[in-house]
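With PDB, C-alpha atoms, pLDDT in the B column inside, this is upload.pdb:
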```
ATOM      1  CA  MET A   1       1.798   6.269   7.782  1.00 41.00           C
ATOM      2  CA  ALA A   2      -0.374   6.889  10.622  1.00 40.00           C
ATOM      3  CA  THR A   3       2.073   6.257  12.215  1.00 39.00           C
ATOM      4  CA  SER A   4       3.436   5.163   8.851  1.00 38.00           C
ATOM      5  CA  ALA A   5       3.201  14.891   7.231  1.00 39.00           C
ATOM      6  CA  PHE A   6       4.569  23.994   6.035  1.00 36.00           C
ATOM      7  CA  SER A   7       5.919  27.947   8.254  1.00 37.00           C
ATOM      8  CA  ALA A   8       7.465  25.014   9.676  1.00 42.00           C
ATOM      9  CA  HIS A   9       5.443  21.964   9.524  1.00 42.00           C
ATOM     10  CA  HIS A  10       3.205  22.629   6.699  1.00 40.00           C
ATOM     11  CA  GLU A  11       2.548  25.804   4.852  1.00 43.00           C
ATOM     12  CA  ALA A  12       0.232  26.007   1.867  1.00 46.00           C
ATOM     13  CA  SER A  13      -3.524  26.456   1.645  1.00 75.00           C
ATOM     14  CA  GLU A  14      -3.823  23.930  -1.198  1.00 88.00           C
ATOM     15  CA  PRO A  15      -3.269  20.172  -0.791  1.00 95.00           C
ATOM     16  CA  GLN A  16       0.351  19.052  -0.972  1.00 97.00           C
ATOM     17  CA  VAL A  17       2.118  15.799  -1.793  1.00 98.00           C
ATOM     18  CA  ALA A  18       3.762  13.880   1.062  1.00 98.00           C
ATOM     19  CA  GLU A  19       6.322  11.103   0.613  1.00 97.00           C
ATOM     20  CA  LEU A  20       6.664   8.932   3.711  1.00 97.00           C
ATOM     21  CA  PHE A  21       9.354   6.372   4.573  1.00 98.00           C
ATOM     22  CA  ASP A  22       8.871   3.935   7.478  1.00 98.00           C
ATOM     23  CA  CYS A  23      12.325   3.314   8.977  1.00 98.00           C
ATOM     24  CA  SER A  24      14.044   1.289  11.703  1.00 98.00           C
ATOM     25  CA  LEU A  25      17.052   2.726  13.528  1.00 98.00           C
ATOM     26  CA  ASN A  26      20.274   0.794  13.035  1.00 98.00           C
ATOM     27  CA  ASP A  27      22.165  -0.448  16.102  1.00 97.00           C
ATOM     28  CA  GLY A  28      23.389   2.360  18.339  1.00 97.00           C
ATOM     29  CA  VAL A  29      21.605   5.088  16.374  1.00 98.00           C
ATOM     30  CA  THR A  30      19.111   7.541  17.888  1.00 98.00           C
ATOM     31  CA  ALA A  31      16.341   9.552  16.253  1.00 98.00           C
ATOM     32  CA  GLY A  32      18.379  12.638  17.095  1.00 97.00           C
ATOM     33  CA  ASP A  33      21.267  11.310  14.997  1.00 98.00           C
ATOM     34  CA  VAL A  34      18.971  10.914  11.988  1.00 98.00           C
ATOM     35  CA  ALA A  35      17.386  14.324  12.466  1.00 98.00           C
ATOM     36  CA  ALA A  36      20.825  15.936  12.669  1.00 98.00           C
ATOM     37  CA  LEU A  37      21.855  14.386   9.353  1.00 98.00           C
ATOM     38  CA  GLY A  38      18.550  15.476   7.838  1.00 98.00           C
ATOM     39  CA  ALA A  39      19.061  19.048   9.022  1.00 98.00           C
ATOM     40  CA  GLY A  40      22.681  18.955   7.867  1.00 98.00           C
ATOM     41  CA  ASP A  41      23.765  17.029   4.785  1.00 98.00           C
ATOM     42  CA  PHE A  42      20.267  16.360   3.461  1.00 98.00           C
ATOM     43  CA  ALA A  43      19.144  19.970   3.910  1.00 98.00           C
ATOM     44  CA  ALA A  44      22.328  21.139   2.173  1.00 98.00           C
ATOM     45  CA  PHE A  45      21.547  18.791  -0.730  1.00 98.00           C
ATOM     46  CA  ALA A  46      18.019  20.198  -1.040  1.00 98.00           C
ATOM     47  CA  GLU A  47      19.371  23.755  -1.018  1.00 97.00           C
ATOM     48  CA  GLU A  48      22.146  23.011  -3.521  1.00 97.00           C
ATOM     49  CA  HIS A  49      19.690  21.506  -6.014  1.00 97.00           C
ATOM     50  CA  GLU A  50      17.028  24.146  -5.366  1.00 97.00           C
ATOM     51  CA  LEU A  51      14.387  21.649  -4.311  1.00 97.00           C
ATOM     52  CA  THR A  52      11.022  23.017  -3.222  1.00 97.00           C
ATOM     53  CA  MET A  53      10.267  20.800  -0.259  1.00 97.00           C
ATOM     54  CA  THR A  54      10.118  20.512   3.511  1.00 97.00           C
ATOM     55  CA  SER A  55      11.220  17.468   5.511  1.00 98.00           C
ATOM     56  CA  PHE A  56      10.506  16.206   9.016  1.00 98.00           C
ATOM     57  CA  LEU A  57      11.437  13.159  11.035  1.00 98.00           C
ATOM     58  CA  TRP A  58       8.619  11.685  13.106  1.00 98.00           C
ATOM     59  CA  GLU A  59      10.002   9.819  16.117  1.00 98.00           C
ATOM     60  CA  ALA A  60       7.484   7.199  17.258  1.00 98.00           C
ATOM     61  CA  ILE A  61       6.516   7.584  20.915  1.00 98.00           C
ATOM     62  CA  ALA A  62       3.247   5.662  21.416  1.00 98.00           C
ATOM     63  CA  VAL A  63       1.850   3.957  18.322  1.00 97.00           C
ATOM     64  CA  ASN A  64      -1.007   1.498  17.910  1.00 96.00           C
ATOM     65  CA  PRO A  65      -0.806  -1.760  15.940  1.00 93.00           C
ATOM     66  CA  PRO A  66      -0.463  -2.472  13.094  1.00 91.00           C
ATOM     67  CA  PHE A  67       1.752   0.589  12.570  1.00 93.00           C
ATOM     68  CA  GLN A  68       3.980   0.319  15.648  1.00 94.00           C
ATOM     69  CA  GLU A  69       7.063  -1.329  14.106  1.00 96.00           C
ATOM     70  CA  PRO A  70       8.959   1.656  12.563  1.00 97.00           C
ATOM     71  CA  ASP A  71      11.103   3.665  14.961  1.00 98.00           C
ATOM     72  CA  VAL A  72      10.920   6.809  12.834  1.00 98.00           C
ATOM     73  CA  ARG A  73       9.129   8.115   9.766  1.00 98.00           C
ATOM     74  CA  TRP A  74      10.954  10.359   7.328  1.00 98.00           C
ATOM     75  CA  VAL A  75       8.384  12.654   5.686  1.00 98.00           C
ATOM     76  CA  ASN A  76       9.076  14.874   2.671  1.00 98.00           C
ATOM     77  CA  TYR A  77       6.444  17.419   1.584  1.00 98.00           C
ATOM     78  CA  TYR A  78       6.184  18.922  -1.904  1.00 98.00           C
ATOM     79  CA  PRO A  79       3.761  21.661  -3.036  1.00 97.00           C
ATOM     80  CA  THR A  80       3.096  19.864  -6.346  1.00 97.00           C
ATOM     81  CA  TRP A  81       3.829  16.622  -8.184  1.00 97.00           C
ATOM     82  CA  GLY A  82       6.212  18.597 -10.382  1.00 98.00           C
ATOM     83  CA  ASP A  83       8.276  19.462  -7.303  1.00 98.00           C
ATOM     84  CA  TYR A  84       8.169  15.806  -6.226  1.00 98.00           C
ATOM     85  CA  PHE A  85       9.491  14.505  -9.546  1.00 98.00           C
ATOM     86  CA  LYS A  86      12.185  17.194  -9.675  1.00 97.00           C
ATOM     87  CA  GLY A  87      13.317  16.066  -6.224  1.00 97.00           C
ATOM     88  CA  GLU A  88      13.282  12.398  -7.197  1.00 96.00           C
ATOM     89  CA  ALA A  89      15.351  13.067 -10.345  1.00 97.00           C
ATOM     90  CA  SER A  90      17.908  15.125  -8.413  1.00 97.00           C
ATOM     91  CA  TRP A  91      18.166  12.446  -5.721  1.00 97.00           C
ATOM     92  CA  ARG A  92      18.712   9.635  -8.231  1.00 96.00           C
ATOM     93  CA  GLU A  93      21.363  11.578 -10.129  1.00 97.00           C
ATOM     94  CA  HIS A  94      23.230  13.315  -7.320  1.00 97.00           C
ATOM     95  CA  GLY A  95      22.149  11.882  -3.979  1.00 97.00           C
ATOM     96  CA  SER A  96      24.283   8.747  -3.617  1.00 97.00           C
ATOM     97  CA  LYS A  97      26.750  10.216  -1.082  1.00 97.00           C
ATOM     98  CA  VAL A  98      24.027  11.530   1.199  1.00 98.00           C
ATOM     99  CA  ALA A  99      22.031   8.317   0.716  1.00 98.00           C
ATOM    100  CA  ALA A 100      25.010   6.269   1.904  1.00 98.00           C
ATOM    101  CA  LYS A 101      25.167   8.342   5.108  1.00 98.00           C
ATOM    102  CA  ILE A 102      21.439   7.860   5.685  1.00 98.00           C
ATOM    103  CA  ASP A 103      21.747   4.098   5.117  1.00 97.00           C
ATOM    104  CA  LYS A 104      24.308   3.893   7.937  1.00 98.00           C
ATOM    105  CA  LEU A 105      21.700   5.259  10.336  1.00 98.00           C
ATOM    106  CA  VAL A 106      18.371   3.760   9.274  1.00 98.00           C
ATOM    107  CA  THR A 107      16.856   0.919   7.271  1.00 98.00           C
ATOM    108  CA  CYS A 108      13.781   2.137   5.405  1.00 97.00           C
ATOM    109  CA  ALA A 109      10.993   0.523   3.429  1.00 96.00           C
ATOM    110  CA  LYS A 110       9.898   1.823   0.044  1.00 96.00           C
ATOM    111  CA  PRO A 111       7.947   5.072   0.388  1.00 96.00           C
ATOM    112  CA  SER A 112       4.227   5.661   0.227  1.00 97.00           C
ATOM    113  CA  THR A 113       2.660   8.903  -0.991  1.00 97.00           C
ATOM    114  CA  TRP A 114      -0.189  10.941   0.459  1.00 97.00           C
ATOM    115  CA  THR A 115      -2.266  14.003  -0.237  1.00 97.00           C
ATOM    116  CA  VAL A 116      -2.087  16.474   2.647  1.00 97.00           C
ATOM    117  CA  HIS A 117      -5.140  18.701   3.099  1.00 97.00           C
ATOM    118  CA  PRO A 118      -5.143  21.796   5.325  1.00 96.00           C
ATOM    119  CA  ALA A 119      -7.773  21.320   8.048  1.00 97.00           C
ATOM    120  CA  GLY A 120      -7.421  24.481  10.114  1.00 96.00           C
ATOM    121  CA  GLU A 121      -4.485  26.678  11.042  1.00 96.00           C
ATOM    122  CA  GLU A 122      -0.899  26.249   9.878  1.00 94.00           C
ATOM    123  CA  ALA A 123       1.539  24.723  12.331  1.00 93.00           C
ATOM    124  CA  PRO A 124       4.017  27.135  13.929  1.00 93.00           C
ATOM    125  CA  ALA A 125       7.760  26.798  13.498  1.00 91.00           C
ATOM    126  CA  ALA A 126       9.687  24.804  16.113  1.00 94.00           C
ATOM    127  CA  SER A 127      12.729  22.559  15.871  1.00 96.00           C
ATOM    128  CA  VAL A 128      10.985  19.788  17.832  1.00 97.00           C
ATOM    129  CA  LYS A 129       7.219  19.460  18.308  1.00 97.00           C
ATOM    130  CA  PRO A 130       4.754  16.925  19.714  1.00 98.00           C
ATOM    131  CA  LEU A 131       2.603  15.529  16.917  1.00 98.00           C
ATOM    132  CA  TYR A 132      -0.411  13.290  17.182  1.00 98.00           C
ATOM    133  CA  ILE A 133      -2.183  11.388  14.434  1.00 97.00           C
ATOM    134  CA  ARG A 134      -5.749  10.128  14.511  1.00 97.00           C
ATOM    135  CA  VAL A 135      -5.902   7.091  12.199  1.00 97.00           C
ATOM    136  CA  CYS A 136      -9.502   6.934  11.034  1.00 98.00           C
ATOM    137  CA  ASN A 137     -12.091   4.954   9.116  1.00 98.00           C
ATOM    138  CA  LEU A 138     -15.280   6.765   8.147  1.00 98.00           C
ATOM    139  CA  LYS A 139     -18.513   5.637   9.746  1.00 97.00           C
ATOM    140  CA  GLU A 140     -21.295   4.439   7.463  1.00 97.00           C
ATOM    141  CA  GLY A 141     -22.890   7.396   5.713  1.00 96.00           C
ATOM    142  CA  SER A 142     -19.961   9.758   6.388  1.00 97.00           C
ATOM    143  CA  THR A 143     -17.680  11.260   3.735  1.00 97.00           C
ATOM    144  CA  MET A 144     -14.301  12.969   3.599  1.00 96.00           C
ATOM    145  CA  LYS A 145     -16.192  16.272   3.403  1.00 96.00           C
ATOM    146  CA  ASN A 146     -17.648  15.474   6.835  1.00 96.00           C
ATOM    147  CA  ALA A 147     -14.209  14.515   8.141  1.00 97.00           C
ATOM    148  CA  LEU A 148     -12.545  17.742   6.950  1.00 97.00           C
ATOM    149  CA  ALA A 149     -15.352  19.854   8.408  1.00 96.00           C
ATOM    150  CA  TYR A 150     -15.038  18.080  11.747  1.00 97.00           C
ATOM    151  CA  ARG A 151     -11.257  18.446  11.879  1.00 97.00           C
ATOM    152  CA  LYS A 152     -11.548  22.170  11.114  1.00 97.00           C
ATOM    153  CA  ALA A 153     -14.077  22.512  13.927  1.00 96.00           C
ATOM    154  CA  VAL A 154     -11.778  20.669  16.331  1.00 97.00           C
ATOM    155  CA  ASN A 155      -8.869  22.942  15.395  1.00 97.00           C
ATOM    156  CA  SER A 156     -10.991  26.046  15.923  1.00 96.00           C
ATOM    157  CA  VAL A 157     -12.085  24.859  19.366  1.00 97.00           C
ATOM    158  CA  GLN A 158      -8.577  23.795  20.385  1.00 97.00           C
ATOM    159  CA  ASN A 159      -7.033  27.105  19.350  1.00 97.00           C
ATOM    160  CA  GLY A 160      -9.814  29.093  20.991  1.00 96.00           C
ATOM    161  CA  GLN A 161      -9.183  27.301  24.275  1.00 97.00           C
ATOM    162  CA  ILE A 162      -5.437  27.874  24.315  1.00 96.00           C
ATOM    163  CA  GLU A 163      -5.608  31.370  22.757  1.00 93.00           C
ATOM    164  CA  SER A 164      -2.794  30.352  20.452  1.00 94.00           C
ATOM    165  CA  SER A 165      -2.435  28.209  17.340  1.00 95.00           C
ATOM    166  CA  VAL A 166      -1.703  24.561  16.638  1.00 97.00           C
ATOM    167  CA  GLY A 167      -1.779  23.227  13.082  1.00 97.00           C
ATOM    168  CA  SER A 168      -4.263  20.747  11.653  1.00 97.00           C
ATOM    169  CA  TYR A 169      -3.924  18.563   8.530  1.00 97.00           C
ATOM    170  CA  VAL A 170      -5.603  15.535   7.010  1.00 98.00           C
ATOM    171  CA  PHE A 171      -3.628  12.896   5.079  1.00 98.00           C
ATOM    172  CA  THR A 172      -5.447  10.764   2.507  1.00 97.00           C
ATOM    173  CA  PRO A 173      -3.785   7.679   0.959  1.00 96.00           C
ATOM    174  CA  GLY A 174      -2.022   7.946  -2.376  1.00 94.00           C
ATOM    175  CA  PHE A 175       0.360   5.409  -3.938  1.00 95.00           C
ATOM    176  CA  GLY A 176       1.451   2.441  -1.845  1.00 93.00           C
ATOM    177  CA  ALA A 177      -0.789   3.383   1.082  1.00 91.00           C
ATOM    178  CA  SER A 178      -3.882   1.621   2.366  1.00 89.00           C
ATOM    179  CA  GLY A 179      -5.542   0.298   5.499  1.00 90.00           C
ATOM    180  CA  PHE A 180      -7.613   3.294   6.618  1.00 95.00           C
ATOM    181  CA  ASP A 181      -9.547   6.205   5.103  1.00 97.00           C
ATOM    182  CA  TYR A 182      -7.500   9.107   6.414  1.00 97.00           C
ATOM    183  CA  ALA A 183      -5.162  10.301   9.156  1.00 97.00           C
ATOM    184  CA  ALA A 184      -5.721  13.591  10.971  1.00 98.00           C
ATOM    185  CA  MET A 185      -2.567  15.281  12.251  1.00 98.00           C
ATOM    186  CA  VAL A 186      -2.256  17.990  14.914  1.00 98.00           C
ATOM    187  CA  THR A 187       1.054  19.593  15.844  1.00 98.00           C
ATOM    188  CA  GLY A 188       2.368  22.765  17.443  1.00 97.00           C
ATOM    189  CA  THR A 189       4.919  24.109  19.884  1.00 97.00           C
ATOM    190  CA  PRO A 190       5.532  21.996  22.990  1.00 97.00           C
ATOM    191  CA  GLU A 191       3.836  24.611  25.187  1.00 97.00           C
ATOM    192  CA  ASP A 192       0.704  24.812  23.023  1.00 97.00           C
ATOM    193  CA  MET A 193       0.449  21.065  22.553  1.00 98.00           C
ATOM    194  CA  THR A 194       0.728  20.572  26.309  1.00 98.00           C
ATOM    195  CA  ALA A 195      -2.307  22.816  26.712  1.00 98.00           C
ATOM    196  CA  VAL A 196      -4.171  20.903  23.974  1.00 98.00           C
ATOM    197  CA  PHE A 197      -3.440  17.600  25.719  1.00 98.00           C
ATOM    198  CA  GLU A 198      -4.605  18.956  29.078  1.00 98.00           C
ATOM    199  CA  ASN A 199      -7.894  20.141  27.544  1.00 97.00           C
ATOM    200  CA  SER A 200      -8.379  16.703  26.046  1.00 96.00           C
ATOM    201  CA  ARG A 201      -7.550  15.005  29.351  1.00 97.00           C
ATOM    202  CA  ASN A 202     -10.050  17.054  31.362  1.00 97.00           C
ATOM    203  CA  GLY A 203     -12.790  16.688  28.748  1.00 97.00           C
ATOM    204  CA  SER A 204     -13.270  20.399  28.074  1.00 97.00           C
ATOM    205  CA  THR A 205     -12.585  20.170  24.320  1.00 97.00           C
ATOM    206  CA  ALA A 206     -15.039  17.301  23.891  1.00 96.00           C
ATOM    207  CA  ALA A 207     -17.682  19.208  25.877  1.00 96.00           C
ATOM    208  CA  LEU A 208     -17.370  22.259  23.619  1.00 96.00           C
ATOM    209  CA  LEU A 209     -17.647  20.119  20.470  1.00 95.00           C
ATOM    210  CA  THR A 210     -20.744  18.409  21.850  1.00 94.00           C
ATOM    211  CA  GLU A 211     -22.249  21.768  22.758  1.00 94.00           C
ATOM    212  CA  ALA A 212     -21.660  22.895  19.163  1.00 92.00           C
ATOM    213  CA  GLY A 213     -23.422  19.783  17.848  1.00 93.00           C
ATOM    214  CA  MET A 214     -20.239  18.289  16.354  1.00 93.00           C
ATOM    215  CA  THR A 215     -19.776  14.515  16.355  1.00 93.00           C
ATOM    216  CA  GLU A 216     -16.810  12.647  14.941  1.00 95.00           C
ATOM    217  CA  PRO A 217     -17.719  11.022  11.599  1.00 97.00           C
ATOM    218  CA  SER A 218     -15.124   8.259  11.992  1.00 98.00           C
ATOM    219  CA  ASN A 219     -13.753   5.562  14.267  1.00 98.00           C
ATOM    220  CA  CYS A 220     -10.150   6.421  15.099  1.00 97.00           C
ATOM    221  CA  SER A 221      -7.083   5.323  17.038  1.00 97.00           C
ATOM    222  CA  VAL A 222      -4.533   7.891  18.189  1.00 97.00           C
ATOM    223  CA  ASP A 223      -0.726   7.776  17.880  1.00 98.00           C
ATOM    224  CA  LEU A 224       1.882  10.102  19.360  1.00 98.00           C
ATOM    225  CA  HIS A 225       5.143  11.193  17.710  1.00 98.00           C
ATOM    226  CA  LYS A 226       7.870  13.755  18.229  1.00 98.00           C
ATOM    227  CA  SER A 227       8.446  15.762  15.036  1.00 98.00           C
ATOM    228  CA  HIS A 228      11.979  16.949  14.240  1.00 98.00           C
ATOM    229  CA  MET A 229      12.323  19.713  11.641  1.00 97.00           C
ATOM    230  CA  MET A 230      15.010  18.953   9.026  1.00 98.00           C
ATOM    231  CA  VAL A 231      14.366  20.931   5.814  1.00 97.00           C
ATOM    232  CA  ASN A 232      12.239  24.063   6.010  1.00 89.00           C
TER     233      ASN A 232
END
```
Could the structure of this file be written out as structure tokens, please?
Amino acid sequence: MATSAFSAHHEASEPQVAELFDCSLNDGVTAGDVAALGAGDFAAFAEEHELTMTSFLWEAIAVNPPFQEPDVRWVNYYPTWGDYFKGEASWREHGSKVAAKIDKLVTCAKPSTWTVHPAGEEAPAASVKPLYIRVCNLKEGSTMKNALAYRKAVNSVQNGQIESSVGSYVFTPGFGASGFDYAAMVTGTPEDMTAVFENSRNGSTAALLTEAGMTEPSNCSVDLHKSHMMVN
């Protein structure tokens, strides 16, 4: 996943269900081609069958091993498991034509599922957004409670610095997912994310967290994606 999850990227205050497909682009296909189909035929399918979901395509930009192989990750979010199973049933019964179009563009592995926890502000709406994921393993003595508290603190500091709002979420493994304890996602408009990256580069965000007595409870690697909105 980490690489290989609403307003537009993620919207509820309660945890949601994420379904994530790791995919390779077929010859001659671009991530933009896949995102266009997702925002077209796939979005029309979701609307026709009244599915409660959002979908995004994560285009891999700079990803650490062992998650670097997929070109894109197709991520569907559902508010509840009931919404997930309604979507799966509709797809199996009625989705063959759209599935055939998707198969011409990408080759995907079986999906994994995740629980997505809010860890700060909601992400703003944008058709394309930078998105980074911190793939983390908890340090000895730390818990997910520590991790969520830290990510909320980071989001508060980041948004205070830019006087705007980027979104913050934590993914924990569900079915078919393993290899790390959690993945912390941050995403926002290109302008706001540029400011976040600059504050990370110059060390000002880290200095404020240290001043506040906050230390990261995990060892993490960081991956960069471009998130394309498809179903909102």
### Query
the PyMOL selection byres ((chain A and resi 14) around 12) on the file shown: which residues, as a PyMOL selection string?
chain A and resi 6+10-13+15-17+78-80+115-120+122+169-170
Just say which residues the PyMOL selection byres ((chain A and resi 193) around 10) picks in this file, as a compact mmCIF listing (two decimals) with C-alpha atoms, in the coordinates of the input.
```txt
# COMPACT_ATOMS: atom_id res chain seq x y z
CA LYS A 129 7.22 19.46 18.31
CA PRO A 130 4.75 16.92 19.71
CA LEU A 131 2.60 15.53 16.92
CA TYR A 132 -0.41 13.29 17.18
CA GLN A 158 -8.58 23.80 20.39
CA ILE A 162 -5.44 27.87 24.32
CA SER A 165 -2.44 28.21 17.34
CA VAL A 166 -1.70 24.56 16.64
CA GLY A 167 -1.78 23.23 13.08
CA VAL A 186 -2.26 17.99 14.91
CA THR A 187 1.05 19.59 15.84
CA GLY A 188 2.37 22.76 17.44
CA THR A 189 4.92 24.11 19.88
CA PRO A 190 5.53 22.00 22.99
CA GLU A 191 3.84 24.61 25.19
CA ASP A 192 0.70 24.81 23.02
CA THR A 194 0.73 20.57 26.31
CA ALA A 195 -2.31 22.82 26.71
CA VAL A 196 -4.17 20.90 23.97
CA PHE A 197 -3.44 17.60 25.72
CA GLU A 198 -4.61 18.96 29.08
CA ASN A 199 -7.89 20.14 27.54
```
### Query
Pick the closest to Asn232 (chain A) from A:Asn76, A:Ser218, A:Asn146, A:Asn202: which is it, counting all atoms listed in the file?
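Ranking A:Asn76, A:Ser218, A:Asn146, A:Asn202 by distance to Asn232 (chain A), first place goes to A:Asn76.
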Would you mind listing, for every residue of region 86-183 of chain A within 10 Å of region 46-52 of chain A, the two atoms forming the shortest contact and the distance between them in Å to one decimal, using only C-alpha atoms, sorted by chain and ascending residue number, as a tab-separated table?
```
residue	atom	partner	partner_atom	distance
A:Lys86	CA	A:Leu51	CA	7.3
A:Gly87	CA	A:Leu51	CA	6.0
A:Glu88	CA	A:Leu51	CA	9.8
A:Ser90	CA	A:His49	CA	7.0
A:Trp91	CA	A:Ala46	CA	9.1
A:His94	CA	A:His49	CA	9.0
A:Gly95	CA	A:Ala46	CA	9.7
```
Shell around region 25-35 of chain A at 9 Å using only C-alpha atoms, local window under 6 positions removed, as a compact mmCIF listing (two decimals) with C-alpha atoms, in the coordinates of the input:
```txt
# COMPACT_ATOMS: atom_id res chain seq x y z
CA PHE A 56 10.51 16.21 9.02
CA LEU A 57 11.44 13.16 11.04
CA TRP A 58 8.62 11.68 13.11
CA GLU A 59 10.00 9.82 16.12
CA PRO A 70 8.96 1.66 12.56
CA ASP A 71 11.10 3.66 14.96
CA VAL A 72 10.92 6.81 12.83
CA ILE A 102 21.44 7.86 5.68
CA ASP A 103 21.75 4.10 5.12
CA LYS A 104 24.31 3.89 7.94
CA LEU A 105 21.70 5.26 10.34
CA VAL A 106 18.37 3.76 9.27
CA THR A 107 16.86 0.92 7.27
CA CYS A 108 13.78 2.14 5.40
CA HIS A 228 11.98 16.95 14.24
CA MET A 229 12.32 19.71 11.64
CA MET A 230 15.01 18.95 9.03
```
#### Entry: Interatomic distance, CA of Leu138 (chain A) to CA of Asp181 (chain A) (Å, one decimal)
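Going from CA of Leu138 (chain A) over to CA of Asp181 (chain A) covers 6.5 Å.
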### Task
Pick out the residues sitting within 10 Å of Lys110 (chain A), and hand them over as a ChimeraX atom specification; count all atoms listed in the file, and ignore anything fewer than 5 positions along from it in its own chain.
/A:19-23,176
Limited to C-alpha atoms, could you put the picked residues into a file as an mmCIF file, in the frame of the given file?
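Output (part-v7.cif):
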```
data_model
loop_
_atom_site.group_PDB
_atom_site.id
_atom_site.type_symbol
_atom_site.label_atom_id
_atom_site.label_comp_id
_atom_site.auth_asym_id
_atom_site.auth_seq_id
_atom_site.Cartn_x
_atom_site.Cartn_y
_atom_site.Cartn_z
ATOM 1 C CA GLU A 19 6.322 11.103 0.613
ATOM 2 C CA LEU A 20 6.664 8.932 3.711
ATOM 3 C CA PHE A 21 9.354 6.372 4.573
ATOM 4 C CA ASP A 22 8.871 3.935 7.478
ATOM 5 C CA CYS A 23 12.325 3.314 8.977
ATOM 6 C CA GLY A 176 1.451 2.441 -1.845
#
```
Fix up region 150-162 of chain A with N, CA and C atoms, then write it as a PDB file, in the coordinates of the input.
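Now in rebuild_10.pdb:
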```pdb
ATOM      1  N   TYR A 150     -15.194  18.382  10.326  1.00 97.00           N
ATOM      2  CA  TYR A 150     -15.038  18.080  11.747  1.00 97.00           C
ATOM      3  C   TYR A 150     -13.648  18.458  12.232  1.00 97.00           C
ATOM      4  N   ARG A 151     -12.616  18.127  11.454  1.00 97.00           N
ATOM      5  CA  ARG A 151     -11.257  18.446  11.879  1.00 97.00           C
ATOM      6  C   ARG A 151     -11.043  19.958  11.950  1.00 97.00           C
ATOM      7  N   LYS A 152     -11.652  20.712  11.046  1.00 97.00           N
ATOM      8  CA  LYS A 152     -11.548  22.170  11.114  1.00 97.00           C
ATOM      9  C   LYS A 152     -12.240  22.701  12.365  1.00 97.00           C
ATOM     10  N   ALA A 153     -13.369  22.097  12.717  1.00 96.00           N
ATOM     11  CA  ALA A 153     -14.077  22.512  13.927  1.00 96.00           C
ATOM     12  C   ALA A 153     -13.251  22.207  15.168  1.00 96.00           C
ATOM     13  N   VAL A 154     -12.634  21.032  15.202  1.00 97.00           N
ATOM     14  CA  VAL A 154     -11.778  20.669  16.331  1.00 97.00           C
ATOM     15  C   VAL A 154     -10.632  21.666  16.469  1.00 97.00           C
ATOM     16  N   ASN A 155      -9.993  22.007  15.350  1.00 97.00           N
ATOM     17  CA  ASN A 155      -8.869  22.942  15.395  1.00 97.00           C
ATOM     18  C   ASN A 155      -9.303  24.312  15.900  1.00 97.00           C
ATOM     19  N   SER A 156     -10.480  24.751  15.469  1.00 96.00           N
ATOM     20  CA  SER A 156     -10.991  26.046  15.923  1.00 96.00           C
ATOM     21  C   SER A 156     -11.234  26.032  17.425  1.00 96.00           C
ATOM     22  N   VAL A 157     -11.826  24.959  17.932  1.00 97.00           N
ATOM     23  CA  VAL A 157     -12.085  24.859  19.366  1.00 97.00           C
ATOM     24  C   VAL A 157     -10.771  24.775  20.146  1.00 97.00           C
ATOM     25  N   GLN A 158      -9.857  23.939  19.685  1.00 97.00           N
ATOM     26  CA  GLN A 158      -8.577  23.795  20.385  1.00 97.00           C
ATOM     27  C   GLN A 158      -7.840  25.129  20.476  1.00 97.00           C
ATOM     28  N   ASN A 159      -7.769  25.844  19.352  1.00 97.00           N
ATOM     29  CA  ASN A 159      -7.033  27.105  19.350  1.00 97.00           C
ATOM     30  C   ASN A 159      -7.745  28.182  20.161  1.00 97.00           C
ATOM     31  N   GLY A 160      -9.079  28.151  20.159  1.00 96.00           N
ATOM     32  CA  GLY A 160      -9.814  29.093  20.991  1.00 96.00           C
ATOM     33  C   GLY A 160      -9.558  28.864  22.465  1.00 96.00           C
ATOM     34  N   GLN A 161      -9.435  27.609  22.863  1.00 97.00           N
ATOM     35  CA  GLN A 161      -9.183  27.301  24.275  1.00 97.00           C
ATOM     36  C   GLN A 161      -7.801  27.757  24.731  1.00 97.00           C
ATOM     37  N   ILE A 162      -6.802  27.561  23.888  1.00 96.00           N
ATOM     38  CA  ILE A 162      -5.437  27.874  24.315  1.00 96.00           C
ATOM     39  C   ILE A 162      -5.031  29.301  23.957  1.00 96.00           C
TER      40      ILE A 162
END
```
